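Raw data.pdb, PDB, C-alpha atoms and all ligand atoms:
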```
ATOM      1  CA  MET M 163       7.273  90.167 -30.176  1.00  0.00           C
ATOM      2  CA  LYS M 164      10.753  91.651 -30.140  1.00  0.00           C
ATOM      3  CA  LEU M 165      12.187  88.209 -29.556  1.00  0.00           C
ATOM      4  CA  LEU M 166      10.325  86.844 -32.554  1.00  0.00           C
ATOM      5  CA  ILE M 167      11.779  89.567 -34.798  1.00  0.00           C
ATOM      6  CA  LEU M 168      15.265  88.808 -33.525  1.00  0.00           C
ATOM      7  CA  ILE M 169      14.850  85.114 -34.259  1.00  0.00           C
ATOM      8  CA  THR M 170      13.630  85.905 -37.772  1.00  0.00           C
ATOM      9  CA  LEU M 171      16.684  88.100 -38.406  1.00  0.00           C
ATOM     10  CA  LEU M 172      19.023  85.392 -37.160  1.00  0.00           C
ATOM     11  CA  ALA M 173      17.320  82.806 -39.339  1.00  0.00           C
ATOM     12  CA  SER M 174      17.706  84.917 -42.472  1.00  0.00           C
ATOM     13  CA  ALA M 175      21.375  85.595 -41.700  1.00  0.00           C
ATOM     14  CA  CYS M 176      21.962  81.858 -41.462  1.00  0.00           C
ATOM     15  CA  LEU M 177      20.195  81.261 -44.762  1.00  0.00           C
ATOM     16  CA  ALA M 178      22.506  83.779 -46.454  1.00  0.00           C
ATOM     17  CA  HIS M 179      25.516  82.010 -45.048  1.00  0.00           C
ATOM     18  CA  ALA M 180      24.281  78.496 -45.710  1.00  0.00           C
ATOM     19  CA  GLN M 181      24.322  78.822 -49.467  1.00  0.00           C
ATOM     20  CA  GLY M 182      28.066  78.493 -49.147  1.00  0.00           C
ATOM     21  CA  VAL M 183      29.766  81.015 -51.399  1.00  0.00           C
ATOM     22  CA  VAL M 184      31.823  83.825 -49.877  1.00  0.00           C
ATOM     23  CA  VAL M 185      33.203  86.786 -51.804  1.00  0.00           C
ATOM     24  CA  GLN M 186      36.079  88.819 -50.362  1.00  0.00           C
ATOM     25  CA  ASP M 187      38.160  91.824 -51.381  1.00  0.00           C
ATOM     26  CA  ALA M 188      35.895  92.693 -54.300  1.00  0.00           C
ATOM     27  CA  TRP M 189      36.406  95.863 -56.299  1.00  0.00           C
ATOM     28  CA  VAL M 190      35.821  97.404 -59.715  1.00  0.00           C
ATOM     29  CA  ARG M 191      38.450  99.418 -61.529  1.00  0.00           C
ATOM     30  CA  ALA M 192      37.479 103.069 -61.998  1.00  0.00           C
ATOM     31  CA  THR M 193      37.170 104.313 -65.577  1.00  0.00           C
ATOM     32  CA  VAL M 194      38.041 107.542 -67.337  1.00  0.00           C
ATOM     33  CA  PRO M 195      35.476 109.403 -69.474  1.00  0.00           C
ATOM     34  CA  GLY M 196      35.040 107.623 -72.804  1.00  0.00           C
ATOM     35  CA  GLN M 197      36.165 104.249 -71.490  1.00  0.00           C
ATOM     36  CA  ARG M 198      33.475 101.671 -72.215  1.00  0.00           C
ATOM     37  CA  SER M 199      34.700  98.643 -70.289  1.00  0.00           C
ATOM     38  CA  THR M 200      36.483  97.735 -67.068  1.00  0.00           C
ATOM     39  CA  GLY M 201      37.305  94.793 -64.836  1.00  0.00           C
ATOM     40  CA  ALA M 202      35.885  93.567 -61.542  1.00  0.00           C
ATOM     41  CA  PHE M 203      38.081  91.558 -59.181  1.00  0.00           C
ATOM     42  CA  MET M 204      37.518  89.484 -56.037  1.00  0.00           C
ATOM     43  CA  LYS M 205      38.271  86.276 -54.191  1.00  0.00           C
ATOM     44  CA  ILE M 206      35.495  83.676 -54.353  1.00  0.00           C
ATOM     45  CA  THR M 207      35.396  80.693 -52.008  1.00  0.00           C
ATOM     46  CA  ALA M 208      32.759  77.968 -52.315  1.00  0.00           C
ATOM     47  CA  HIS M 209      32.321  75.613 -49.356  1.00  0.00           C
ATOM     48  CA  ASP M 210      31.241  72.867 -51.748  1.00  0.00           C
ATOM     49  CA  ARG M 211      32.216  72.635 -55.372  1.00  0.00           C
ATOM     50  CA  ALA M 212      30.338  75.197 -57.469  1.00  0.00           C
ATOM     51  CA  THR M 213      30.506  76.993 -60.776  1.00  0.00           C
ATOM     52  CA  LEU M 214      30.366  80.724 -61.374  1.00  0.00           C
ATOM     53  CA  VAL M 215      28.036  80.648 -64.368  1.00  0.00           C
ATOM     54  CA  SER M 216      27.542  84.306 -65.118  1.00  0.00           C
ATOM     55  CA  ALA M 217      27.519  87.832 -63.762  1.00  0.00           C
ATOM     56  CA  SER M 218      25.416  90.875 -64.464  1.00  0.00           C
ATOM     57  CA  SER M 219      25.390  94.534 -63.487  1.00  0.00           C
ATOM     58  CA  ALA M 220      22.911  97.335 -64.030  1.00  0.00           C
ATOM     59  CA  SER M 221      25.917  99.573 -64.782  1.00  0.00           C
ATOM     60  CA  ALA M 222      27.021  97.543 -67.801  1.00  0.00           C
ATOM     61  CA  GLY M 223      25.264  96.355 -70.949  1.00  0.00           C
ATOM     62  CA  VAL M 224      27.204  93.081 -70.882  1.00  0.00           C
ATOM     63  CA  THR M 225      29.164  91.382 -68.103  1.00  0.00           C
ATOM     64  CA  GLN M 226      31.338  88.349 -68.876  1.00  0.00           C
ATOM     65  CA  VAL M 227      33.685  86.047 -66.991  1.00  0.00           C
ATOM     66  CA  HIS M 228      37.093  86.554 -68.635  1.00  0.00           C
ATOM     67  CA  GLU M 229      40.501  85.023 -68.450  1.00  0.00           C
ATOM     68  CA  MET M 230      43.818  86.654 -69.287  1.00  0.00           C
ATOM     69  CA  LYS M 231      46.579  84.304 -70.276  1.00  0.00           C
ATOM     70  CA  LEU M 232      50.063  84.571 -71.678  1.00  0.00           C
ATOM     71  CA  GLU M 233      50.063  82.625 -74.960  1.00  0.00           C
ATOM     72  CA  ALA M 234      53.321  82.489 -76.921  1.00  0.00           C
ATOM     73  CA  GLY M 235      54.467  85.686 -75.244  1.00  0.00           C
ATOM     74  CA  VAL M 236      51.250  87.578 -75.957  1.00  0.00           C
ATOM     75  CA  MET M 237      48.710  88.468 -73.258  1.00  0.00           C
ATOM     76  CA  LYS M 238      45.308  87.327 -74.510  1.00  0.00           C
ATOM     77  CA  MET M 239      41.878  87.887 -73.032  1.00  0.00           C
ATOM     78  CA  ARG M 240      38.939  85.590 -73.692  1.00  0.00           C
ATOM     79  CA  ALA M 241      35.559  84.717 -72.246  1.00  0.00           C
ATOM     80  CA  VAL M 242      35.494  81.652 -69.990  1.00  0.00           C
ATOM     81  CA  ILE M 243      33.157  79.163 -71.680  1.00  0.00           C
ATOM     82  CA  GLY M 244      31.007  76.964 -69.451  1.00  0.00           C
ATOM     83  CA  GLY M 245      31.617  78.991 -66.312  1.00  0.00           C
ATOM     84  CA  LEU M 246      34.434  79.280 -63.811  1.00  0.00           C
ATOM     85  CA  ASP M 247      35.034  76.194 -61.699  1.00  0.00           C
ATOM     86  CA  LEU M 248      35.145  76.836 -57.926  1.00  0.00           C
ATOM     87  CA  PRO M 249      36.748  73.872 -56.134  1.00  0.00           C
ATOM     88  CA  ALA M 250      35.470  73.133 -52.627  1.00  0.00           C
ATOM     89  CA  GLY M 251      37.095  75.316 -49.990  1.00  0.00           C
ATOM     90  CA  LEU M 252      39.660  76.879 -52.317  1.00  0.00           C
ATOM     91  CA  ALA M 253      39.711  80.641 -52.828  1.00  0.00           C
ATOM     92  CA  VAL M 254      39.633  81.410 -56.547  1.00  0.00           C
ATOM     93  CA  GLU M 255      41.203  84.760 -57.197  1.00  0.00           C
ATOM     94  CA  LEU M 256      39.894  87.081 -59.873  1.00  0.00           C
ATOM     95  CA  LYS M 257      42.677  89.609 -60.327  1.00  0.00           C
ATOM     96  CA  PRO M 258      44.292  91.846 -62.930  1.00  0.00           C
ATOM     97  CA  GLY M 259      46.213  89.629 -65.357  1.00  0.00           C
ATOM     98  CA  GLY M 260      44.130  86.531 -64.578  1.00  0.00           C
ATOM     99  CA  TYR M 261      40.466  85.708 -64.234  1.00  0.00           C
ATOM    100  CA  HIS M 262      38.234  88.745 -63.978  1.00  0.00           C
ATOM    101  CA  LEU M 263      34.719  89.917 -64.627  1.00  0.00           C
ATOM    102  CA  MET M 264      34.523  92.200 -67.630  1.00  0.00           C
ATOM    103  CA  LEU M 265      31.939  94.958 -67.488  1.00  0.00           C
ATOM    104  CA  MET M 266      31.337  96.102 -71.037  1.00  0.00           C
ATOM    105  CA  ASP M 267      29.122  98.694 -72.686  1.00  0.00           C
ATOM    106  CA  LEU M 268      29.249 100.825 -69.528  1.00  0.00           C
ATOM    107  CA  LYS M 269      26.359 103.224 -69.195  1.00  0.00           C
ATOM    108  CA  SER M 270      28.453 105.934 -67.530  1.00  0.00           C
ATOM    109  CA  PRO M 271      32.001 106.364 -66.191  1.00  0.00           C
ATOM    110  CA  LEU M 272      32.692 104.579 -62.899  1.00  0.00           C
ATOM    111  CA  GLU M 273      34.131 107.042 -60.418  1.00  0.00           C
ATOM    112  CA  GLU M 274      36.355 106.165 -57.513  1.00  0.00           C
ATOM    113  CA  GLY M 275      34.462 106.200 -54.222  1.00  0.00           C
ATOM    114  CA  THR M 276      31.168 105.052 -55.746  1.00  0.00           C
ATOM    115  CA  THR M 277      29.809 101.502 -55.800  1.00  0.00           C
ATOM    116  CA  VAL M 278      28.615  99.174 -58.539  1.00  0.00           C
ATOM    117  CA  ALA M 279      25.888  96.579 -58.055  1.00  0.00           C
ATOM    118  CA  LEU M 280      26.872  93.161 -59.325  1.00  0.00           C
ATOM    119  CA  THR M 281      24.962  89.874 -59.306  1.00  0.00           C
ATOM    120  CA  LEU M 282      26.836  86.578 -59.504  1.00  0.00           C
ATOM    121  CA  GLN M 283      25.001  83.454 -60.642  1.00  0.00           C
ATOM    122  CA  PHE M 284      26.271  80.104 -59.418  1.00  0.00           C
ATOM    123  CA  THR M 285      25.302  76.490 -59.742  1.00  0.00           C
ATOM    124  CA  ASN M 286      26.246  73.935 -57.136  1.00  0.00           C
ATOM    125  CA  ALA M 287      27.584  70.423 -57.771  1.00  0.00           C
ATOM    126  CA  VAL M 288      24.101  69.096 -58.573  1.00  0.00           C
ATOM    127  CA  GLY M 289      23.186  71.987 -60.837  1.00  0.00           C
ATOM    128  CA  GLN M 290      20.998  73.986 -58.452  1.00  0.00           C
ATOM    129  CA  PRO M 291      21.236  77.734 -59.102  1.00  0.00           C
ATOM    130  CA  ASN M 292      21.841  80.425 -56.547  1.00  0.00           C
ATOM    131  CA  LYS M 293      23.030  83.983 -56.677  1.00  0.00           C
ATOM    132  CA  LEU M 294      24.968  86.566 -54.736  1.00  0.00           C
ATOM    133  CA  GLU M 295      24.161  90.243 -54.918  1.00  0.00           C
ATOM    134  CA  LEU M 296      27.104  92.493 -54.200  1.00  0.00           C
ATOM    135  CA  GLN M 297      27.923  96.172 -53.985  1.00  0.00           C
ATOM    136  CA  LEU M 298      31.484  96.590 -55.195  1.00  0.00           C
ATOM    137  CA  PRO M 299      33.581  99.642 -54.344  1.00  0.00           C
ATOM    138  CA  VAL M 300      35.030 101.470 -57.346  1.00  0.00           C
ATOM    139  CA  SER M 301      38.754 102.049 -57.003  1.00  0.00           C
ATOM    140  CA  LYS M 302      41.737 102.937 -59.186  1.00  0.00           C
ATOM    141  CA  SER M 303      43.756 100.048 -57.775  1.00  0.00           C
ATOM    142  CA  ALA M 304      43.248  97.030 -55.534  1.00  0.00           C
ATOM    143  CA  PRO M 305      42.123  98.244 -52.110  1.00  0.00           C
ATOM    144  CA  GLY M 306      43.449  96.629 -48.962  1.00  0.00           C
ATOM    145  CA  ALA M 307      41.725  93.573 -47.578  1.00  0.00           C
ATOM    146  CA  SER M 308      38.173  94.479 -46.680  1.00  0.00           C
ATOM    147  CA  ALA M 309      35.283  92.891 -44.857  1.00  0.00           C
ATOM    148  CA  VAL M 310      33.370  90.009 -46.370  1.00  0.00           C
ATOM    149  CA  MET M 311      30.461  91.214 -48.456  1.00  0.00           C
ATOM    150  CA  ASP M 312      27.727  88.692 -48.230  1.00  0.00           C
ATOM    151  CA  HIS M 313      24.453  90.183 -49.441  1.00  0.00           C
ATOM    152  CA  SER M 314      23.525  86.763 -50.642  1.00  0.00           C
ATOM    153  CA  GLN M 315      20.162  85.307 -51.462  1.00  0.00           C
ATOM    154  CA  HIS M 316      18.846  81.930 -52.301  1.00  0.00           C
ATOM    155  CA  LYS M 317      17.293  81.918 -55.729  1.00  0.00           C
ATOM    156  CA  SER M 318      15.242  78.757 -55.614  1.00  0.00           C
TER     157      SER M 318
HETATM  158 CU    CU S   1      38.307  91.005 -69.928  1.00  0.00          CU
END
```
As structure tokens, please, write out the structure in this file.
Amino acid sequence: MKLLILITLLASACLAHAQGVVVQDAWVRATVPGQRSTGAFMKITAHDRATLVSASSASAGVTQVHEMKLEAGVMKMRAVIGGLDLPAGLAVELKPGGYHLMLMDLKSPLEEGTTVALTLQFTNAVGQPNKLELQLPVSKSAPGASAVMDHSQHKS
């Protein structure tokens, strides 16, 4: 019986890995009282080409994929329309000053040392959806490289 349980655990770990998207070094910037939005940052690597379609968090009313870009000397932030392309095997970095996830309409301040639940929705090259559920550490600045967080689940 114990062996059976072990096999089941191994099988589910493989399933989580097999969906092929790995998130590393994820964090959310801490907020000060009164601040209603903040950014979430991470490195996302898809084994096969995929698209980050959307993100959501119970801590925020709205979560969007954003891009910051220097346009004619002015830093501009806009929502990424149609999702963020994840080329096969290439780490796409979401970082301050570039792509990021914007958590808006925050329900309460995010304090350093706490965590924020975040769900990422992907589609693969043939349009099949899957999602990753993450717990992101809240920090005032980018923490050092941390372990892979892979609390992933197949959706369909
Ligand atoms: Cu933004």
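The residue set within 6 Å of region 182-198 of chain M, counting all atoms listed in the file and dropping same-chain residues fewer than 2 places from it, reads His179, Ala180, Gly201, Ala202, Phe203, Met204, Lys205, Ile206, Thr207, Ala208, His209, Asp267, Leu268, Pro271, Leu272, Glu273, Glu274, Leu298, Pro299, Val300, Ser301, Lys302, Ala307, Ser308 and Val310 of chain M.
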Please enumerate the residues selected by the PyMOL selection byres (((not hetatm)) within 6 of (chain S and resi 1)) when evaluated against the supplied file, formatted as a list in words.
His228, Met239 and Met264 of chain M
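Distance annotation: of M:Gly251, M:Thr281, M:Lys257, M:Ala287, the residue with the minimal separation from Lys231 (chain M) is M:Lys257; atom set is only C-alpha atoms.
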Around (26.1, 96.4, -67.8) in the file's frame, which residues reach within 7 Å when counting only C-alpha atoms? Return as a list in words?
Ser218, Ser219, Ala220, Ser221, Ala222, Gly223, Val224, Thr225, Leu265, Met266, Asp267, Leu268 and Lys269 of chain M
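With only C-alpha atoms as the atoms that count, the minimum distance from Val236 (chain M) to the choices M:Gly275, M:Leu280, M:Gly259, M:Thr285 is reached by M:Gly259.
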